[in-house]
Structures are given as structure tokens and as C-alpha cells.
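Take a look at the structure set out below.
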2 protein chains.
Amino acid sequence: MKRRPNQRTVSYRPIGVIHTPHYAPDGTPIQPRFAKGIEGTVEVFEQYTEGLKDVDGFERLWLLYHLDRIKETRLRIVPYMDTFERGLFATRAPCRPNPIGISCVRLLGVEGNVLRIADVDMLDGTPLLDIKPYVARFDSWDTQRNGWTDRLPADRKREGTRADRRFH
Amino acid sequence: MKRRPNQRTVSYRPIGVIHTPHYAPDGTPIQPRFAKGIEGTVEVFEQYTEGLKDVDGFERLWLLYHLDRIKETRLRIVPYMDTFERGLFATRAPCRPNPIGISCVRLLGVEGNVLRIADVDMLDGTPLLDIKPYVARFDSWDTQRNGWTDRLPADRKREGTRADRRFH
């Protein structure tokens with residue numbers, strides 16, 4: 001028997017906060033891949049520290065976070081890397097109906113309830129929703145077709161793409 | 001100037017619903033990697049259809065969804081693939097403080113507001129929160145250390161791991 005769609009609002013409470021050297025959208029790297037070596041910390045609220053056991057064995061972690069400086073949803077946008085308008089769900093732009101960001105960051109160390117991380121691409125003070133281990137066997141897919149990103153000129157594929165204020 | 005931690009509750013409204021042949025946790029694959037070829041559909045609510053433009057160019061998509069059948073949080077658990085207790089954030093177990101699931105599924109086709117997908121590992125009726133394109137250049141990391149999952153016996157690494165009721 002099929003369940004009826006659940007359209008109820010869901011509520012989450014941040015489990016921590018992400019500290020980074022990115023204080024404004026302008027100039028912030030748009031992906032961890034473009035933020036290599038930029039360091040930050042994750043402060044996990046103390047009541048969740050127990051859940052961090054064994055995290056130190058992983059090279060990378062997924063951080064899921066609330067894009068708390070996004071004020072509006074736009075379903076058609078020009079992505080940072082492109083000059084054409086695209087459907088929002090074909091992009092990683094932050095102006096989403098549910099502004100949840102995901103970033104695969106490098107783990108440098110764990111000390112109590114604080115994670116030292118690198119490759120940070122989120123704004124300072126971003127509320128953390130979840131931490132999951134990056135497991136290459138689960139998460140690394142060798143896709144041949146990556147949509148509009150396959151057809152970008154080489155200069156826009158380079159590891160220098162930064163955000164600007166267009167979504168803020 | 002550092003921003004103070006934002007501990008306010010965040011609220012999201014589902015943008016669609018995921019239909020799969022998995023009606024109960026027992027026997028459901030625990031990851032898309034273990035669900036190869038199992039088909040489902042994503043019904044995106046019509047007000048968001050406009051955002052699906054260009055999605056058809058991507059081979060795989062990230063689905064972010066609310067694990068709506070999880071009733072409690074546990075910070076130490078024995079994962080499906082293991083026999084030792086682990087910290088929750090070192091696992092992908094669903095009993096999380098904020099039960100958000102992420103799955104990288106294969107896109108088979110787009111027809112209006114419906115996506116046909118494969119490699120589905122979520123329960124039927126799961127509320128959808130977001131869709132993001134999988135971009136190999138952003139998301140595929142060749143990690144050498146994958147924590148406790150590196151030390152599993154071969155029989156538990158095989159592509160047959162299924163869920164049971166332990167978290168429900």
C-alpha cells in the first residue's frame with residue numbers, strides 16, 4: 001500500500017556551528033574542490049560529543065548545513081560557473097526552497113567536540129545540521145555525463161571560481 | 001567579527017515525495033551502491049517543476065530527504081555493516097539528531113515533474129527536501145582512509161548489505 005505524500009513541515013535544530021575565514025559571499029570558494037587547504041573548525045555542541053567517536057578514522061566528512069543567509073528561492077538562475085540560465089535543481093546554487101548545503105571537507109583532527117577541517121566553502125557561523133563520513137565506496141561515482149558543467153570553457157573550469165552577491 | 005552561533009530551529013517543507021519498492025526497513029539496501037538497478041520515481045510537487053530544467057543532462061543526482069520513520073536519536077550504535085559500537089557521526093545510520101538522508105541515485109528520465117530513477121535505497125513515501133546534480137569533479141574524492149569501513153571482513157563489504165529493524 002502506497003503511503004500518502006507527507007507535506008508536513010520538518011524541523012531541525014542545529015547540532016553545531018562551522019567557523020571559517022569566509023565572512024561574506026564575495027570571494028568565497030563555491031565548492032571544497034576550489035577551497036583546497038583553507039582551514040576552519042566545526043564546533044559540535046557538547047551534548048553530541050559522544051557521537052564523534054571513530055570519526056577520526058575518516059579522511060573526509062560530509063557536512064550538511066543550513067544556508068542561513070539565503071532569503072529567497074529562485075527556480076531559474078545563472079550559476080556562478082555559467083552564463084546561461086539553468087533550472088535550480090541542475091545547479092548547486094544556494095537559493096533553494098530548502099537551503100541545505102552539503103560539503104565534503106577534509107578532516108585534520110578531532111579534539112573533544114571540535115573538528116579541525118580544511119577545504120571549507122561555507123560562510124563563517126553557518127549552522128551545522130549533520131556530519132556523515134565520506135566513504136569512497138559509497139560516494140565516489142565515475143559519472144560520464146555531468147550536464148551543463150561538461151561544456152564549460154576551460155577558464156571557467158579552473159580551480160578559482162568564487163562566489164559573488166548574486167544570491168544574497 | 002565572528003557571528004554568534006545560531007541555534008534556532010530551522011524548518012523545511014518537502015518539495016516532493018520519493019516512491020520506491022521498499023515498504024519496510026527489513027531488507028532495504030543500505031546504500032545506492034547496494035541497490036543497483038532498483039527503480040523508483042521522484043514526484044516533485046508542481047510548483048517546483050520549473051527548477052527541473054537542465055536536470056536531464058546529469059547521469060546521477062543527489063537526493064536529500066527526511067528520514068520520516070525515525071523516532072529517536074542514538075549517539076552510539078552498531079552499524080548494519082559492523083559488529084562494534086561506533087559513534088553515530090562515523091556512520092550513515094538513520095537515527096540522527098537531524099534525520100536527513102543523502103543518496104546519489106541514477107537518473108533514467110525526466111517527464112514533467114516526475115523523475116525516473118534507479119539505485120534507490122530509501123523507503124517508499126520518503127519526503128524529498130532537495131535535489132542537487134552529482135558533479136564528479138566536485139563530489140568524487142579518492143580517499144585512502146575510510147575509517148572502520150576499511151577493516152570489514154570481505155563478506156560484509158559485499159554488495160548485499162540490507163537494513164533491518166534495529167533503528168526503527
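Numbering starts fresh at 1 for the residues of each chain in the C-alpha cells, the chains themselves are lettered A, B, ... in the order given, and ligands are numbered from 1 as they appear.
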Moved chain A, fitted on chain B by every C-alpha in sequence order, as an mmCIF file with C-alpha atoms, in the first residue's frame:
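As written to disk, result07.cif reads:
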```cif
data_model
loop_
_atom_site.group_PDB
_atom_site.id
_atom_site.type_symbol
_atom_site.label_atom_id
_atom_site.label_comp_id
_atom_site.auth_asym_id
_atom_site.auth_seq_id
_atom_site.Cartn_x
_atom_site.Cartn_y
_atom_site.Cartn_z
ATOM 1 C CA MET A 1 33.793 39.799 13.631
ATOM 2 C CA LYS A 2 32.645 36.282 14.399
ATOM 3 C CA ARG A 3 28.930 35.612 14.323
ATOM 4 C CA ARG A 4 27.349 34.096 17.386
ATOM 5 C CA PRO A 5 26.153 30.517 16.997
ATOM 6 C CA ASN A 6 22.682 30.269 15.532
ATOM 7 C CA GLN A 7 20.863 27.575 17.479
ATOM 8 C CA ARG A 8 17.410 28.419 16.232
ATOM 9 C CA THR A 9 15.265 25.666 14.853
ATOM 10 C CA VAL A 10 15.142 25.575 11.057
ATOM 11 C CA SER A 11 12.012 24.518 9.213
ATOM 12 C CA TYR A 12 11.779 22.948 5.802
ATOM 13 C CA ARG A 13 8.816 21.973 3.696
ATOM 14 C CA PRO A 14 9.094 18.874 1.475
ATOM 15 C CA ILE A 15 9.351 19.655 -2.254
ATOM 16 C CA GLY A 16 8.197 16.213 -3.324
ATOM 17 C CA VAL A 17 7.970 12.560 -2.422
ATOM 18 C CA ILE A 18 10.107 9.553 -3.350
ATOM 19 C CA HIS A 19 8.358 6.373 -4.463
ATOM 20 C CA THR A 20 10.315 3.129 -4.137
ATOM 21 C CA PRO A 21 9.591 -0.592 -3.842
ATOM 22 C CA HIS A 22 10.928 -0.556 -0.254
ATOM 23 C CA TYR A 23 7.934 -0.615 2.078
ATOM 24 C CA ALA A 24 9.701 -1.517 5.336
ATOM 25 C CA PRO A 25 13.254 -1.239 6.701
ATOM 26 C CA ASP A 26 13.748 -5.006 6.702
ATOM 27 C CA GLY A 27 15.624 -5.922 3.545
ATOM 28 C CA THR A 28 16.030 -2.381 2.200
ATOM 29 C CA PRO A 29 19.510 -1.780 0.693
ATOM 30 C CA ILE A 30 21.546 0.497 2.959
ATOM 31 C CA GLN A 31 23.201 2.478 0.151
ATOM 32 C CA PRO A 32 22.592 3.173 -3.571
ATOM 33 C CA ARG A 33 25.755 1.132 -4.225
ATOM 34 C CA PHE A 34 23.899 -1.898 -2.850
ATOM 35 C CA ALA A 35 20.681 -1.095 -4.748
ATOM 36 C CA LYS A 36 21.904 -1.184 -8.331
ATOM 37 C CA GLY A 37 19.069 -1.254 -10.824
ATOM 38 C CA ILE A 38 16.244 -0.995 -8.272
ATOM 39 C CA GLU A 39 13.916 1.611 -9.758
ATOM 40 C CA GLY A 40 11.741 4.300 -8.258
ATOM 41 C CA THR A 41 10.308 7.708 -9.043
ATOM 42 C CA VAL A 42 10.598 11.178 -7.605
ATOM 43 C CA GLU A 43 7.384 13.156 -7.690
ATOM 44 C CA VAL A 44 8.311 16.818 -7.437
ATOM 45 C CA PHE A 45 5.400 18.995 -6.346
ATOM 46 C CA GLU A 46 4.222 21.001 -9.330
ATOM 47 C CA GLN A 47 5.162 24.425 -8.044
ATOM 48 C CA TYR A 48 8.842 23.365 -8.334
ATOM 49 C CA THR A 49 8.728 21.854 -11.845
ATOM 50 C CA GLU A 50 10.352 24.957 -13.355
ATOM 51 C CA GLY A 51 13.504 24.216 -11.349
ATOM 52 C CA LEU A 52 13.949 20.845 -13.105
ATOM 53 C CA LYS A 53 15.132 22.382 -16.381
ATOM 54 C CA ASP A 54 18.584 21.027 -17.400
ATOM 55 C CA VAL A 55 18.429 18.239 -14.796
ATOM 56 C CA ASP A 56 18.160 15.683 -17.613
ATOM 57 C CA GLY A 57 21.789 16.290 -18.580
ATOM 58 C CA PHE A 58 23.060 14.633 -15.427
ATOM 59 C CA GLU A 59 23.738 10.933 -15.016
ATOM 60 C CA ARG A 60 23.299 10.953 -11.258
ATOM 61 C CA LEU A 61 21.544 13.197 -8.734
ATOM 62 C CA TRP A 62 21.873 13.729 -5.013
ATOM 63 C CA LEU A 63 18.540 13.386 -3.277
ATOM 64 C CA LEU A 64 18.286 14.911 0.196
ATOM 65 C CA TYR A 65 15.323 13.649 2.154
ATOM 66 C CA HIS A 66 13.741 13.478 5.575
ATOM 67 C CA LEU A 67 14.029 10.070 7.248
ATOM 68 C CA ASP A 68 10.453 10.339 8.458
ATOM 69 C CA ARG A 69 10.177 6.959 10.130
ATOM 70 C CA ILE A 70 12.987 7.592 12.603
ATOM 71 C CA LYS A 71 11.633 8.183 16.073
ATOM 72 C CA GLU A 72 14.742 8.556 18.221
ATOM 73 C CA THR A 73 18.346 9.679 18.183
ATOM 74 C CA ARG A 74 21.125 7.358 19.310
ATOM 75 C CA LEU A 75 24.684 8.659 19.542
ATOM 76 C CA ARG A 76 26.328 5.225 19.798
ATOM 77 C CA ILE A 77 25.145 2.451 17.505
ATOM 78 C CA VAL A 78 26.237 -0.805 15.875
ATOM 79 C CA PRO A 79 26.084 -0.062 12.117
ATOM 80 C CA TYR A 80 24.496 -2.546 9.720
ATOM 81 C CA MET A 81 27.896 -3.459 8.271
ATOM 82 C CA ASP A 82 29.719 -3.831 11.564
ATOM 83 C CA THR A 83 29.582 -5.699 14.872
ATOM 84 C CA PHE A 84 31.167 -2.967 17.040
ATOM 85 C CA GLU A 85 29.551 0.071 18.561
ATOM 86 C CA ARG A 86 30.507 3.266 16.733
ATOM 87 C CA GLY A 87 29.905 6.963 17.193
ATOM 88 C CA LEU A 88 26.825 7.943 15.183
ATOM 89 C CA PHE A 89 28.657 10.613 13.148
ATOM 90 C CA ALA A 90 31.163 7.974 11.998
ATOM 91 C CA THR A 91 28.234 6.078 10.435
ATOM 92 C CA ARG A 92 25.405 6.626 7.974
ATOM 93 C CA ALA A 93 22.813 5.159 10.347
ATOM 94 C CA PRO A 94 19.425 6.917 10.176
ATOM 95 C CA CYS A 95 18.845 7.582 13.911
ATOM 96 C CA ARG A 96 20.448 11.041 13.711
ATOM 97 C CA PRO A 97 19.641 14.232 15.666
ATOM 98 C CA ASN A 98 18.528 15.717 12.333
ATOM 99 C CA PRO A 99 17.461 12.696 10.276
ATOM 100 C CA ILE A 100 18.448 13.889 6.806
ATOM 101 C CA GLY A 101 19.403 11.200 4.306
ATOM 102 C CA ILE A 102 21.508 11.722 1.191
ATOM 103 C CA SER A 103 21.565 9.290 -1.728
ATOM 104 C CA CYS A 104 23.266 9.553 -5.081
ATOM 105 C CA VAL A 105 20.787 7.918 -7.460
ATOM 106 C CA ARG A 106 20.941 7.274 -11.185
ATOM 107 C CA LEU A 107 18.673 9.387 -13.374
ATOM 108 C CA LEU A 108 16.780 7.414 -16.015
ATOM 109 C CA GLY A 109 14.506 10.135 -17.328
ATOM 110 C CA VAL A 110 12.519 13.279 -16.642
ATOM 111 C CA GLU A 111 8.870 13.666 -17.600
ATOM 112 C CA GLY A 112 7.311 16.898 -16.404
ATOM 113 C CA ASN A 113 7.514 16.892 -12.633
ATOM 114 C CA VAL A 114 8.459 13.205 -12.343
ATOM 115 C CA LEU A 115 11.983 11.789 -12.332
ATOM 116 C CA ARG A 116 12.521 8.120 -13.071
ATOM 117 C CA ILE A 117 15.489 6.951 -11.031
ATOM 118 C CA ALA A 118 17.444 3.807 -10.161
ATOM 119 C CA ASP A 119 19.656 2.622 -7.276
ATOM 120 C CA VAL A 120 17.061 3.651 -4.699
ATOM 121 C CA ASP A 121 17.767 2.903 -1.035
ATOM 122 C CA MET A 122 15.080 4.912 0.742
ATOM 123 C CA LEU A 123 11.661 3.844 1.982
ATOM 124 C CA ASP A 124 8.560 4.427 -0.139
ATOM 125 C CA GLY A 125 6.863 7.724 0.623
ATOM 126 C CA THR A 126 9.994 9.453 1.920
ATOM 127 C CA PRO A 127 9.597 13.264 1.862
ATOM 128 C CA LEU A 128 12.058 14.938 -0.520
ATOM 129 C CA LEU A 129 13.905 18.059 0.670
ATOM 130 C CA ASP A 130 16.290 18.856 -2.179
ATOM 131 C CA ILE A 131 17.758 17.663 -5.481
ATOM 132 C CA LYS A 132 21.328 18.545 -6.468
ATOM 133 C CA PRO A 133 23.255 17.383 -9.536
ATOM 134 C CA TYR A 134 26.097 14.927 -8.920
ATOM 135 C CA VAL A 135 29.173 16.517 -10.457
ATOM 136 C CA ALA A 136 32.098 14.083 -10.434
ATOM 137 C CA ARG A 137 34.630 16.900 -10.371
ATOM 138 C CA PHE A 138 33.045 18.227 -7.164
ATOM 139 C CA ASP A 139 31.885 15.067 -5.420
ATOM 140 C CA SER A 140 34.240 12.215 -6.235
ATOM 141 C CA TRP A 141 37.174 12.072 -3.803
ATOM 142 C CA ASP A 142 39.682 9.272 -3.813
ATOM 143 C CA THR A 143 40.051 8.902 -0.052
ATOM 144 C CA GLN A 144 42.583 6.385 1.238
ATOM 145 C CA ARG A 145 41.284 6.276 4.808
ATOM 146 C CA ASN A 146 37.621 5.390 5.226
ATOM 147 C CA GLY A 147 37.642 4.677 8.950
ATOM 148 C CA TRP A 148 36.173 1.490 10.330
ATOM 149 C CA THR A 149 34.773 0.550 6.911
ATOM 150 C CA ASP A 150 38.316 -0.204 5.715
ATOM 151 C CA ARG A 151 38.664 -3.066 8.170
ATOM 152 C CA LEU A 152 35.490 -5.017 7.470
ATOM 153 C CA PRO A 153 35.753 -8.671 6.511
ATOM 154 C CA ALA A 154 35.171 -9.228 2.797
ATOM 155 C CA ASP A 155 31.770 -10.845 3.323
ATOM 156 C CA ARG A 156 30.393 -7.702 4.949
ATOM 157 C CA LYS A 157 31.797 -5.490 2.191
ATOM 158 C CA ARG A 158 29.883 -7.312 -0.488
ATOM 159 C CA GLU A 159 27.042 -5.645 -2.333
ATOM 160 C CA GLY A 160 24.347 -7.382 -0.375
ATOM 161 C CA THR A 161 24.044 -5.459 2.844
ATOM 162 C CA ARG A 162 20.425 -4.798 3.780
ATOM 163 C CA ALA A 163 18.776 -2.941 6.592
ATOM 164 C CA ASP A 164 16.869 -4.489 9.462
ATOM 165 C CA ARG A 165 14.655 -3.055 12.189
ATOM 166 C CA ARG A 166 17.347 -2.010 14.619
ATOM 167 C CA PHE A 167 16.775 1.743 14.146
ATOM 168 C CA HIS A 168 12.997 1.677 13.755
#
```
- as a ChimeraX atom specification, list the residues of chain A assigned to helix (DSSP H, G or I) by DSSP on the backbone atoms of this structure. /A:32-34,46-52,55-57,88-90,136-139,147-151,154-157
- Message: Using DSSP assignments from the backbone, pull out every residue in chain B that falls under strand (DSSP E) and give it to me as a PyMOL selection string.
- Response: chain B and resi 10-12+16-19+39-44+60-66+76-77+86-87+100-111+114-118+126-133
